[in-house]
Every structure is written in C-alpha cells, then in structure tokens.
$ cat query.txt   # compact mmCIF, C-alpha atoms
# COMPACT_ATOMS: atom_id res chain seq x y z
CA MET A 1 -227.81 46.18 189.20
CA GLY A 2 -228.42 45.95 192.95
CA ASN A 3 -227.43 44.32 196.21
CA CYS A 4 -228.54 41.21 198.10
CA LEU A 5 -229.36 42.32 201.64
CA THR A 6 -229.62 39.94 204.63
CA VAL A 7 -231.00 40.48 208.11
CA GLY A 8 -230.92 38.48 211.36
CA PRO A 9 -233.86 37.36 213.49
CA ASN A 10 -233.45 40.37 215.84
CA GLU A 11 -234.02 42.96 213.09
CA ALA A 12 -236.67 43.80 210.49
CA LEU A 13 -235.56 44.88 207.01
CA VAL A 14 -237.89 47.25 205.12
CA VAL A 15 -237.33 47.51 201.37
CA SER A 16 -239.39 50.17 199.55
CA GLY A 17 -239.47 51.64 196.06
CA GLY A 18 -238.64 49.96 192.78
CA CYS A 19 -238.73 50.35 189.05
CA CYS A 20 -241.50 52.22 187.20
CA GLY A 21 -242.56 54.13 190.33
CA SER A 22 -243.62 51.08 192.35
CA ASP A 23 -244.80 51.85 195.94
CA THR A 24 -244.63 48.28 197.32
CA LYS A 25 -242.92 47.63 200.64
CA SER A 26 -241.29 44.40 201.77
CA TYR A 27 -240.83 43.48 205.44
CA ILE A 28 -238.20 40.77 206.02
CA VAL A 29 -237.31 39.25 209.45
CA GLY A 30 -234.38 36.85 209.51
CA GLY A 31 -234.10 36.55 205.74
CA TRP A 32 -232.83 38.34 202.62
CA ALA A 33 -234.07 40.71 199.94
CA TRP A 34 -232.88 42.22 196.68
CA ALA A 35 -232.43 46.00 196.52
CA TRP A 36 -231.96 47.83 193.19
CA TRP A 37 -229.51 50.61 193.03
CA LEU A 38 -230.85 54.17 192.94
CA VAL A 39 -234.53 53.18 192.86
CA THR A 40 -234.82 51.06 196.04
CA ASN A 41 -234.54 52.17 199.69
CA SER A 42 -233.71 49.78 202.56
CA GLN A 43 -234.06 50.53 206.28
CA ARG A 44 -233.72 48.42 209.45
CA LEU A 45 -235.76 48.35 212.68
CA SER A 46 -234.53 46.55 215.84
CA LEU A 47 -236.78 43.82 217.23
CA GLU A 48 -234.83 43.43 220.49
CA ILE A 49 -236.44 43.86 223.92
CA MET A 50 -236.38 47.41 225.31
CA THR A 51 -236.39 48.02 229.08
CA LEU A 52 -238.35 51.07 230.32
CA GLN A 53 -238.39 52.47 233.86
CA PRO A 54 -241.49 54.70 234.24
CA ARG A 55 -241.48 56.97 237.27
CA CYS A 56 -244.39 59.08 238.66
CA GLU A 57 -243.46 61.47 241.47
CA ASP A 58 -245.88 63.03 243.98
CA VAL A 59 -249.00 61.72 242.27
CA GLU A 60 -252.16 62.09 244.40
CA THR A 61 -254.22 58.97 244.96
CA ALA A 62 -257.99 58.78 245.35
CA GLU A 63 -257.58 59.86 249.04
CA GLY A 64 -255.33 62.80 248.12
CA VAL A 65 -252.13 61.27 249.46
CA ALA A 66 -249.11 62.15 247.28
CA ILE A 67 -246.96 59.10 246.54
CA THR A 68 -244.12 58.25 244.21
CA VAL A 69 -244.26 55.04 242.16
CA THR A 70 -241.49 53.47 240.01
CA GLY A 71 -241.88 50.48 237.74
CA VAL A 72 -240.07 48.34 235.15
CA ALA A 73 -241.54 47.42 231.76
CA GLN A 74 -240.22 45.12 229.02
CA VAL A 75 -241.48 45.99 225.50
CA LYS A 76 -240.62 45.05 221.90
CA VAL A 77 -241.80 45.57 218.31
CA MET A 78 -244.32 42.92 217.26
CA THR A 79 -243.41 40.78 214.22
CA ASP A 80 -246.93 40.32 212.88
CA HIS A 81 -246.94 41.71 209.30
CA ASP A 82 -249.66 44.32 209.83
CA LEU A 83 -248.43 45.40 213.26
CA LEU A 84 -244.83 45.43 212.02
CA ALA A 85 -245.95 47.73 209.21
CA VAL A 86 -247.60 50.03 211.80
CA ALA A 87 -244.42 50.06 213.92
CA CYS A 88 -242.33 50.84 210.86
CA GLU A 89 -244.63 53.77 210.03
CA GLN A 90 -244.30 55.06 213.62
CA PHE A 91 -240.63 54.48 214.43
CA LEU A 92 -238.70 53.79 211.22
CA GLY A 93 -235.75 56.18 211.02
CA LYS A 94 -235.75 56.86 214.81
CA SER A 95 -233.11 55.71 217.25
CA ILE A 96 -233.71 53.29 220.13
CA ARG A 97 -233.53 56.19 222.59
CA GLU A 98 -236.24 58.12 220.76
CA ILE A 99 -238.48 55.04 220.62
CA LYS A 100 -237.98 54.46 224.37
CA ALA A 101 -238.85 58.09 225.11
CA VAL A 102 -242.18 57.83 223.23
CA LEU A 103 -243.13 54.58 224.95
CA LEU A 104 -242.01 55.85 228.38
CA GLN A 105 -244.21 58.92 228.17
CA THR A 106 -247.17 56.75 227.19
CA LEU A 107 -246.66 54.36 230.12
CA GLU A 108 -246.14 57.17 232.65
CA GLY A 109 -249.33 58.87 231.50
CA HIS A 110 -251.41 55.74 231.98
CA LEU A 111 -249.66 55.10 235.31
CA ARG A 112 -250.61 58.59 236.59
CA SER A 113 -254.22 58.20 235.51
CA ILE A 114 -254.58 54.85 237.29
CA LEU A 115 -252.92 56.11 240.51
CA GLY A 116 -255.63 58.78 240.82
CA THR A 117 -258.35 56.13 240.95
CA LEU A 118 -256.82 53.88 243.68
CA THR A 119 -256.16 54.24 247.40
CA VAL A 120 -252.74 53.90 248.95
CA GLU A 121 -253.73 50.63 250.59
CA GLN A 122 -254.82 49.15 247.25
CA ILE A 123 -251.59 50.21 245.57
CA TYR A 124 -249.30 49.10 248.38
CA GLN A 125 -250.91 45.84 249.39
CA ASP A 126 -251.69 44.46 245.94
CA ARG A 127 -248.91 45.50 243.64
CA ASP A 128 -249.47 42.65 241.20
CA GLN A 129 -253.07 43.70 240.64
CA PHE A 130 -251.99 47.32 240.23
CA ALA A 131 -249.33 46.34 237.67
CA LYS A 132 -251.84 44.17 235.79
CA LEU A 133 -254.28 47.06 235.65
CA VAL A 134 -251.60 49.40 234.23
CA ARG A 135 -250.58 46.76 231.66
CA ASP A 136 -254.19 46.17 230.58
CA VAL A 137 -254.88 49.91 230.19
CA ALA A 138 -251.65 50.79 228.38
CA ALA A 139 -251.49 47.71 226.13
CA PRO A 140 -254.10 48.89 223.57
CA ASP A 141 -252.43 52.27 223.13
CA VAL A 142 -248.90 50.92 222.64
CA GLY A 143 -250.36 48.09 220.55
CA ARG A 144 -251.64 50.62 218.06
CA MET A 145 -247.98 51.66 217.73
CA GLY A 146 -246.99 48.08 216.88
CA ILE A 147 -245.43 47.62 220.36
CA GLU A 148 -246.12 44.71 222.70
CA ILE A 149 -245.79 44.95 226.53
CA LEU A 150 -244.10 41.74 227.60
CA SER A 151 -244.07 42.53 231.32
CA PHE A 152 -244.73 45.35 233.74
CA THR A 153 -243.99 45.31 237.47
CA ILE A 154 -244.10 47.88 240.27
CA LYS A 155 -240.59 48.41 241.56
CA ASP A 156 -241.18 50.76 244.50
CA VAL A 157 -243.93 52.79 246.24
CA TYR A 158 -243.12 55.47 248.81
CA ASP A 159 -244.24 58.92 250.02
CA LYS A 160 -242.66 61.97 251.67
CA LEU A 161 -245.21 62.25 254.53
CA ASP A 162 -244.54 58.85 256.16
CA TYR A 163 -248.11 57.81 255.42
CA LEU A 164 -247.05 54.34 254.42
CA SER A 165 -244.84 53.93 257.47
CA SER A 166 -247.67 55.02 259.80
CA LEU A 167 -249.99 52.63 258.06
CA GLY A 168 -247.40 49.99 258.51
CA LYS A 169 -246.98 50.70 262.23
CA THR A 170 -250.70 50.17 262.89
CA GLN A 171 -250.64 47.04 260.85
CA ILE A 172 -247.44 45.92 262.57
CA ALA A 173 -248.98 46.45 266.03
CA ALA A 174 -252.08 44.49 265.07
CA VAL A 175 -249.95 41.82 263.54
CA GLN A 176 -247.72 41.63 266.64
CA ARG A 177 -250.79 41.37 268.87
CA ASP A 178 -252.27 38.64 266.77
CA ALA A 179 -248.84 37.05 266.64
CA ASP A 180 -248.49 37.02 270.46
CA ILE A 181 -251.93 35.52 270.81
CA GLY A 182 -251.15 33.05 268.12
CA VAL A 183 -247.83 32.18 269.74
CA ALA A 184 -249.50 31.56 273.11
CA GLU A 185 -252.21 29.44 271.54
CA ALA A 186 -249.66 27.72 269.41
CA GLU A 187 -247.47 26.96 272.43
CA ARG A 188 -250.49 25.60 274.29
CA ASP A 189 -251.58 23.52 271.36
CA ALA A 190 -247.98 22.59 270.74
CA GLY A 191 -247.59 21.34 274.34
CA ILE A 192 -250.73 19.25 274.06
CA ARG A 193 -249.82 18.06 270.65
CA GLU A 194 -246.25 17.39 271.77
CA ALA A 195 -247.48 15.16 274.59
CA GLU A 196 -249.81 13.36 272.22
CA CYS A 197 -247.06 13.07 269.66
CA LYS A 198 -244.64 11.74 272.27
CA LYS A 199 -247.18 9.12 273.29
CA GLU A 200 -247.82 8.22 269.68
CA MET A 201 -244.08 8.32 269.05
CA MET A 202 -243.42 5.93 271.95
CA ASP A 203 -246.16 3.61 270.73
CA VAL A 204 -244.88 3.79 267.18
CA LYS A 205 -241.29 3.44 268.40
CA PHE A 206 -242.17 0.41 270.48
CA LEU A 207 -244.04 -1.12 267.59
CA ALA A 208 -241.23 -0.19 265.20
CA ASP A 209 -238.60 -1.60 267.56
CA THR A 210 -240.60 -4.79 267.86
CA LYS A 211 -240.96 -5.07 264.11
CA MET A 212 -237.31 -4.11 263.65
CA ALA A 213 -236.23 -6.78 266.12
CA ASP A 214 -238.41 -9.34 264.35
CA SER A 215 -237.12 -8.21 260.97
CA LYS A 216 -233.56 -8.25 262.23
CA ARG A 217 -234.03 -11.73 263.66
CA GLU A 218 -235.54 -12.95 260.40
CA LEU A 219 -232.77 -11.21 258.50
CA GLU A 220 -230.11 -12.84 260.63
CA LEU A 221 -231.79 -16.22 260.21
CA GLN A 222 -231.99 -15.71 256.46
CA LYS A 223 -228.38 -14.51 256.40
CA ALA A 224 -227.32 -17.56 258.40
CA ALA A 225 -229.25 -19.84 256.03
CA PHE A 226 -227.84 -18.04 252.99
CA ASN A 227 -224.34 -18.12 254.44
CA GLN A 228 -224.69 -21.82 255.19
CA GLU A 229 -225.91 -22.50 251.68
CA ILE A 230 -223.20 -20.28 250.20
CA ASN A 231 -220.50 -21.91 252.33
CA THR A 232 -221.82 -25.36 251.36
CA LYS A 233 -221.75 -24.44 247.68
CA LYS A 234 -218.32 -22.87 248.09
CA ALA A 235 -217.03 -25.98 249.85
CA GLU A 236 -218.53 -28.23 247.18
CA SER A 237 -217.13 -26.01 244.47
CA GLN A 238 -213.74 -25.92 246.16
CA LEU A 239 -213.72 -29.71 246.61
CA ALA A 240 -214.81 -30.21 243.02
CA TYR A 241 -212.12 -27.78 241.87
CA GLU A 242 -209.46 -29.47 243.98
CA LEU A 243 -210.60 -32.93 242.80
CA GLN A 244 -210.54 -31.83 239.16
CA ALA A 245 -207.20 -30.11 239.73
CA ALA A 246 -205.86 -33.31 241.31
CA LYS A 247 -207.11 -35.33 238.35
CA GLU A 248 -205.55 -32.92 235.90
CA GLN A 249 -202.36 -32.88 237.92
CA GLN A 250 -202.36 -36.68 237.94
CA LYS A 251 -202.81 -36.73 234.17
CA ILE A 252 -200.00 -34.23 233.77
CA ARG A 253 -197.82 -36.28 236.13
CA LEU A 254 -198.57 -39.49 234.16
CA GLU A 255 -197.66 -37.73 230.94
CA GLU A 256 -194.46 -36.44 232.54
CA ILE A 257 -193.66 -39.94 233.82
CA GLU A 258 -194.23 -41.40 230.35
CA ILE A 259 -192.00 -38.71 228.88
CA GLN A 260 -189.38 -39.43 231.54
CA VAL A 261 -189.67 -43.19 230.86
CA VAL A 262 -189.14 -42.63 227.15
CA GLN A 263 -186.24 -40.29 227.85
CA ARG A 264 -184.80 -42.78 230.33
CA LYS A 265 -185.10 -45.60 227.82
CA LYS A 266 -183.27 -43.53 225.27
CA GLU A 267 -180.65 -42.61 227.85
CA ILE A 268 -180.28 -46.28 228.85
CA THR A 269 -179.86 -47.27 225.20
CA ILE A 270 -177.29 -44.54 224.76
CA GLU A 271 -175.58 -45.52 228.02
CA GLU A 272 -175.53 -49.22 226.99
CA LYS A 273 -173.92 -48.30 223.70
CA GLU A 274 -171.50 -46.05 225.54
CA ILE A 275 -170.76 -48.85 228.01
CA ASP A 276 -170.09 -51.27 225.17
CA ARG A 277 -167.83 -48.75 223.49
CA THR A 278 -166.07 -47.96 226.77
CA GLU A 279 -165.77 -51.66 227.61
CA LYS A 280 -164.18 -52.40 224.27
CA GLU A 281 -161.93 -49.40 224.64
CA LEU A 282 -160.89 -50.48 228.15
CA ILE A 283 -160.29 -54.02 226.99
CA ALA A 284 -158.05 -52.73 224.24
CA THR A 285 -156.29 -50.00 226.20
CA VAL A 286 -156.36 -51.20 229.81
CA LYS A 287 -157.34 -54.84 230.30
CA ARG A 288 -154.92 -56.42 227.86
CA PRO A 289 -151.91 -54.38 229.03
CA ALA A 290 -153.02 -54.91 232.65
CA GLU A 291 -153.26 -58.67 232.20
CA ALA A 292 -149.76 -58.71 230.79
CA GLN A 293 -148.47 -56.54 233.57
CA ALA A 294 -150.38 -58.59 236.17
CA TYR A 295 -148.85 -61.80 234.85
CA SER A 296 -145.41 -60.27 235.04
CA MET A 297 -146.02 -58.96 238.53
CA GLN A 298 -147.46 -62.34 239.59
CA GLN A 299 -144.32 -64.08 238.50
CA LEU A 300 -142.19 -61.51 240.27
CA ALA A 301 -144.38 -61.75 243.40
CA GLU A 302 -144.10 -65.54 243.47
CA GLY A 303 -140.34 -65.29 243.20
CA GLN A 304 -140.23 -62.63 245.92
CA LYS A 305 -142.58 -64.73 248.03
CA MET A 306 -140.35 -67.76 247.73
CA LYS A 307 -137.34 -65.64 248.65
CA THR A 308 -139.13 -64.11 251.64
CA VAL A 309 -140.30 -67.55 252.85
CA LEU A 310 -136.81 -68.96 252.70
CA ILE A 311 -135.33 -65.95 254.48
CA ALA A 312 -138.08 -66.11 257.13
CA GLN A 313 -137.43 -69.83 257.68
CA ALA A 314 -133.73 -69.15 258.10
CA GLU A 315 -134.38 -66.31 260.52
CA ALA A 316 -136.81 -68.45 262.47
CA GLU A 317 -134.33 -71.26 262.71
CA LYS A 318 -131.69 -68.78 263.82
CA ILE A 319 -133.98 -67.28 266.46
CA LYS A 320 -134.95 -70.76 267.60
CA LYS A 321 -131.34 -71.74 268.10
CA ILE A 322 -130.54 -68.47 269.88
CA GLY A 323 -133.63 -68.87 272.08
CA GLU A 324 -132.70 -72.43 272.97
CA ALA A 325 -129.20 -71.25 273.85
CA GLU A 326 -130.45 -68.34 275.93
CA ALA A 327 -133.02 -70.56 277.65
CA SER A 328 -130.28 -73.06 278.55
CA SER A 329 -128.14 -70.21 279.83
CA ILE A 330 -130.99 -68.65 281.83
CA GLU A 331 -131.88 -72.08 283.22
CA ALA A 332 -128.31 -72.60 284.36
CA VAL A 333 -128.11 -69.10 285.84
CA GLY A 334 -131.47 -69.58 287.56
CA LYS A 335 -130.40 -72.86 288.98
CA ALA A 336 -127.16 -71.24 290.21
CA GLU A 337 -129.08 -68.31 291.72
CA ALA A 338 -131.58 -70.68 293.30
CA GLU A 339 -128.76 -72.70 294.75
CA LYS A 340 -127.15 -69.48 295.94
CA MET A 341 -130.36 -68.33 297.54
CA ARG A 342 -130.87 -71.75 299.13
CA LEU A 343 -127.42 -71.61 300.57
CA LYS A 344 -127.99 -68.02 301.75
CA ALA A 345 -131.27 -69.06 303.32
CA GLU A 346 -129.60 -71.95 305.12
CA ALA A 347 -126.85 -69.57 306.23
CA TYR A 348 -129.37 -66.96 307.37
CA GLN A 349 -131.30 -69.65 309.15
CA GLN A 350 -128.14 -70.73 310.84
CA TYR A 351 -127.03 -67.24 311.85
CA GLY A 352 -130.51 -65.82 312.67
CA GLU A 353 -130.56 -62.10 313.57
CA ALA A 354 -126.95 -61.65 312.63
CA ALA A 355 -127.74 -62.58 309.05
CA LYS A 356 -130.60 -60.10 308.94
CA THR A 357 -128.38 -57.40 310.32
CA ALA A 358 -125.76 -58.22 307.70
CA LEU A 359 -128.38 -57.90 304.97
CA VAL A 360 -129.50 -54.56 306.35
CA LEU A 361 -125.97 -53.30 306.55
CA GLU A 362 -125.39 -54.41 302.95
CA ALA A 363 -128.50 -52.55 301.85
CA LEU A 364 -127.78 -49.37 303.83
CA PRO A 365 -125.30 -47.95 301.29
CA LYS A 366 -127.85 -48.41 298.50
CA ILE A 367 -130.60 -46.79 300.58
CA THR A 368 -128.28 -43.98 301.54
CA SER A 369 -127.31 -43.35 297.91
CA LYS A 370 -131.01 -43.16 296.88
CA VAL A 371 -131.83 -40.81 299.77
CA ALA A 372 -128.81 -38.60 299.04
CA ALA A 373 -129.44 -38.57 295.28
CA PRO A 374 -131.22 -35.14 295.38
CA LEU A 375 -128.24 -33.74 297.29
CA ALA A 376 -125.83 -34.86 294.57
CA LYS A 377 -126.57 -31.68 292.65
CA THR A 378 -125.63 -29.52 295.70
CA ASN A 379 -122.15 -28.04 295.42
CA GLU A 380 -121.70 -26.99 299.05
CA ILE A 381 -123.57 -27.29 302.39
CA VAL A 382 -122.88 -24.70 305.04
CA ILE A 383 -123.91 -25.35 308.66
CA LEU A 384 -124.18 -22.14 310.64
CA SER A 385 -123.38 -22.39 314.35
CA GLY A 386 -122.06 -20.04 316.93
CA GLU A 387 -119.69 -22.61 318.51
CA GLY A 388 -117.49 -25.41 317.18
CA SER A 389 -118.91 -27.96 319.64
CA ARG A 390 -122.38 -27.36 318.16
CA VAL A 391 -121.33 -28.86 314.81
CA THR A 392 -120.13 -32.03 316.53
CA GLY A 393 -123.36 -32.15 318.51
CA GLU A 394 -125.45 -31.98 315.31
CA VAL A 395 -123.47 -34.82 313.75
CA ASN A 396 -123.86 -36.95 316.85
CA ARG A 397 -127.61 -36.25 316.90
CA LEU A 398 -127.95 -37.41 313.32
CA LEU A 399 -126.04 -40.63 314.04
CA ALA A 400 -128.17 -41.24 317.12
CA GLU A 401 -131.39 -40.95 315.06
CA LEU A 402 -130.10 -43.34 312.36
CA PRO A 403 -131.02 -46.66 314.19
CA VAL A 404 -134.53 -45.40 314.78
CA SER A 405 -134.97 -44.62 311.08
CA VAL A 406 -133.57 -47.99 310.03
CA ASN A 407 -135.84 -49.78 312.50
CA ALA A 408 -138.82 -47.93 311.04
CA LEU A 409 -137.83 -48.90 307.48
CA THR A 410 -136.59 -52.51 307.92
CA GLY A 411 -137.81 -53.66 311.31
CA VAL A 412 -134.19 -54.34 312.43
CA ASP A 413 -133.04 -52.69 315.65
CA LEU A 414 -129.43 -51.57 315.08
CA SER A 415 -129.12 -50.45 318.65
CA LYS A 416 -128.85 -54.13 319.68
CA ILE A 417 -125.73 -54.65 317.63
CA PRO A 418 -122.79 -54.78 320.08
CA LEU A 419 -120.56 -52.56 317.95
CA LEU A 420 -123.19 -49.82 317.70
CA GLN A 421 -123.95 -50.18 321.42
CA LYS A 422 -120.34 -49.51 322.16
CA MET A 423 -120.29 -46.52 319.80
CA THR A 424 -123.44 -45.09 321.36
CA SER A 425 -122.20 -45.60 324.93
CA ALA A 426 -118.82 -44.09 324.05
CA GLU A 427 -120.44 -41.04 322.56
CA ALA A 428 -122.66 -40.68 325.63

$ encode --input "query.txt" --output "structure tokens"
Amino acid sequence: MGNCLTVGPNEALVVSGGCCGSDTKSYIVGGWAWAWWLVTNSQRLSLEIMTLQPRCEDVETAEGVAITVTGVAQVKVMTDHDLLAVACEQFLGKSIREIKAVLLQTLEGHLRSILGTLTVEQIYQDRDQFAKLVRDVAAPDVGRMGIEILSFTIKDVYDKLDYLSSLGKTQIAAVQRDADIGVAEAERDAGIREAECKKEMMDVKFLADTKMADSKRELELQKAAFNQEINTKKAESQLAYELQAAKEQQKIRLEEIEIQVVQRKKEITIEEKEIDRTEKELIATVKRPAEAQAYSMQQLAEGQKMKTVLIAQAEAEKIKKIGEAEASSIEAVGKAEAEKMRLKAEAYQQYGEAAKTALVLEALPKITSKVAAPLAKTNEIVILSGEGSRVTGEVNRLLAELPVSVNALTGVDLSKIPLLQKMTSAEA
C-alpha cells in the first residue's frame, strides 16, 4: 500500500527508494507520484525566488581605497532535470535560510574578488557593468549548485574617507563650469534661434491665418450651400408631409361625413317613424278632443259675440242720445253766455273806464284770496311796535300802496276813482 503525493508548480517532489532495493529517484514539478509505505522516501524542495543582499565592507579597490558595496540578487533552483538533480543533492533537507546562507557567501566572495580588480571610478560610474561582471563570474559557480541568478544589481557604494564625495566635488565643479558655459552659449543660441523662430512663426502664422481665413470662408460657403440645400429639402419634405397629411385628413373627413350621412339617414328614418307615431298619437289624444272643444268654444264665442255686439250697439245709441242732449244743452248755454258777453261788452263799451274799474273791483277779492292763500295756515300775526299810532300808520301805508300794485297788475289806476280819491285825501 502507499500514498498518492501531489506537488504544485512552485515545488519539486523527490521520490526515492522502492521495492527490491531499487535506487531510482523521481523528480516531479507540478504533478503527482506514488509513494510506497516503508520502502519509499519523499522530500520537497522549494522552487520559489530567493532574495539575497550581499554586503562587502571596507574592501580595498585596485587603488587601495576601502569602500563598502551592497547589492541585491534574485536566485532560484533551476527546473532542468539534471540541474534539479544537482540542486537536490546540494540542498535537499536544508531550510531556505541555510540555502540562502550558502549562496550569499558565494556571491560575497566573488564580489570581493572583483572589487580588488577595479578602481573606484569604474565601480561608481558604471554600476551596471560592475553588476554584470559579478553576475558573469558568479553564475558558473552557483550554476554548478543547480542555482540560477535571475538578476543582480548594485544597491549602494560608499566609503568612510569621503573619497567619493571629493571625487564628486571635482566632477561637480567641472560640470558646473561646463554648465555655465553651456548656459551662456545656449542663451546666445537661444536668442538667435528665438528671433529666427519668431520670424518663421510670424511667417507661418500669417500663412496659416491666410489659409485659415480661406478655409473658413470656404467652410462658411459650403455650410451656407449645405444649409440652403438642407432647408430646401426640409421645406419640400415638410410641404410633402403637410400635403399628404391634408390628403389623409380629407379622406378621413370624407369617411366621417359618409358615416355621419348614414347615421343621419338612420336618424331621419327613425325620426320620421317617430313623427308618424307622434302625429297619430296627437290626432287621437289631442286633435280630436281639441276639434270638439274648439267647435264648442266657437259656438259659445259666436253667441258671446252676438251678445257683445248688441250690448255695444245699445250703449252706442245711448251715448249718442246723451251726446246729442249734452251738445244741445252746451249750445244753448254757449249761446246764452255769448249773448251775456255781448251785452256785457255793449255795457262796457257804453260805460268805458267805469266798466273796467267794476271788473277790476270784482276780480280783486279773487286775487286777494289767491295772494292770501299761504297765510290761511297762519294762526296768528303779531305786529310789534312801540306806539299805538305806528300800527295805524302801517295799515295806512299798505292801503296807500294797493292802487300802485293793482295798476301794475291790471293797468287800471284806482287812484282816479273818486271814492278812493276821497279816502286818500281824507287819510292825508
């Protein structure tokens, strides 16, 4: 009996041993293997990348300057069958830390040996070349261990005697000098070039503006033409749509009218039938009774009319007789009044002013009653005077003013009447 063992792509499975004293070994990466109980041994070796940080302190270069160099290396176990077998022989059963320690010592040894053959300037100025040299020298040795160097870079280079900084100061001064000269020359060339560029820019700008104006004009013309064409098409489309819509609307309207005509015909038929029914109903319920009632009322009206005519004729005859009698009476009275007036006129003509005076005197009471009518509602009149003779004087003054008032109203002078003359002279 045994077990089925599996392994991922980041590990290598080594199965050794077997039945009957077999010494075969199986190396499986990302697969499976069968292991018998008691007679088979299985071990695993990591294939993941291992990061090493070699460090060489105070190592003298070819010029005898002690420097310290640190680097970073990425290594891993190779998966080739033969090299994997070598790596398994070297590192199987060891931990990752122990494997890193072996590889680190190997890299640091090669790094020290290479530092002794180079100058500080070579190491400092061309780190990539220095790292490549270390990788090329160390690769065969670690390759014989079944290890592959994926990358190696120099992390830092420094010394305790400020040799690098002094070297850098000289270089910095030379660089600054060259930089100042370069800046001055660059500014000079830049000024010249700037002027040339400005001129070229103005020429190009003028040419570009001209072309842009032409292009813009052509674009506007094309836009105007396109817009005109589009508007024309839109107008034609809109007119066509409206015309078609009007036609469709007309068709719909004709259909509606036909439907309405049919409905109206049906309604008229129904109404005619209803009218016939109503007419027959009215004839039976209204006309016949109404004709009978009308005939009765006609007979009554004719009788009433005859009665009214007879009464009116009698009344007219009565009024005629009364009118004739009143006319005769008025004629007689008028004739009597006319005769009376004629006689009065003859008498007035005979008496002259005396007749007029008599008429005025006859009319004075009537005039006086009309004038005194507002005073009829007065209960009492009080005349205030300091002396008794003043009351008599007021009455006399009123009587003296009476002829003047009558003369103004009638044109008759009462002061010429002998009786009034005597009264006036007596009062005076």

$ atom_distance --input "query.txt" --atom1 "CA of Ile192 in chain A" --atom2 "CA of Asp178 in chain A"
20.8 Å

$ axis_aligned_box --input "query.txt" --around "range 320-330 of chain A" --padding-each-side "4 Å" --output "JSON"
{"center_x": -131.5, "center_y": -70.7, "center_z": 274.7, "size_x": 14.8, "size_y": 12.7, "size_z": 22.2}

$ residues_around --input "query.txt" --residues "Tyr158 in chain A" --least-positions-apart "2" --cutoff "8 Å" --atoms "all atoms listed in the file" --output "JSON, numbers by chain"
{"A": [67, 68, 69, 156, 160, 164]}

$ write_last_selection --input "query.txt" --atoms "C-alpha atoms" --output "PDB file, in the coordinates of the input"
ATOM      1  CA  ILE A  67    -246.960  59.100 246.540  1.00  0.00           C
ATOM      2  CA  THR A  68    -244.120  58.250 244.210  1.00  0.00           C
ATOM      3  CA  VAL A  69    -244.260  55.040 242.160  1.00  0.00           C
ATOM      4  CA  ASP A 156    -241.180  50.760 244.500  1.00  0.00           C
ATOM      5  CA  LYS A 160    -242.660  61.970 251.670  1.00  0.00           C
ATOM      6  CA  LEU A 164    -247.050  54.340 254.420  1.00  0.00           C
TER       7      LEU A 164
END

$ residues_around --input "query.txt" --residues "Gln122 in chain A" --least-positions-apart "4" --cutoff "12 Å" --atoms "all atoms listed in the file" --output "tab-separated table (two decimals) with C-alpha atoms, in the coordinates of the input"
chain	number	residue	atom	x	y	z
A	61	THR	CA	-254.22	58.97	244.96
A	62	ALA	CA	-257.99	58.78	245.35
A	63	GLU	CA	-257.58	59.86	249.04
A	114	ILE	CA	-254.58	54.85	237.29
A	115	LEU	CA	-252.92	56.11	240.51
A	116	GLY	CA	-255.63	58.78	240.82
A	117	THR	CA	-258.35	56.13	240.95
A	118	LEU	CA	-256.82	53.88	243.68
A	126	ASP	CA	-251.69	44.46	245.94
A	127	ARG	CA	-248.91	45.50	243.64
A	128	ASP	CA	-249.47	42.65	241.20
A	129	GLN	CA	-253.07	43.70	240.64
A	130	PHE	CA	-251.99	47.32	240.23
A	131	ALA	CA	-249.33	46.34	237.67
A	133	LEU	CA	-254.28	47.06	235.65
A	157	VAL	CA	-243.93	52.79	246.24
A	164	LEU	CA	-247.05	54.34	254.42
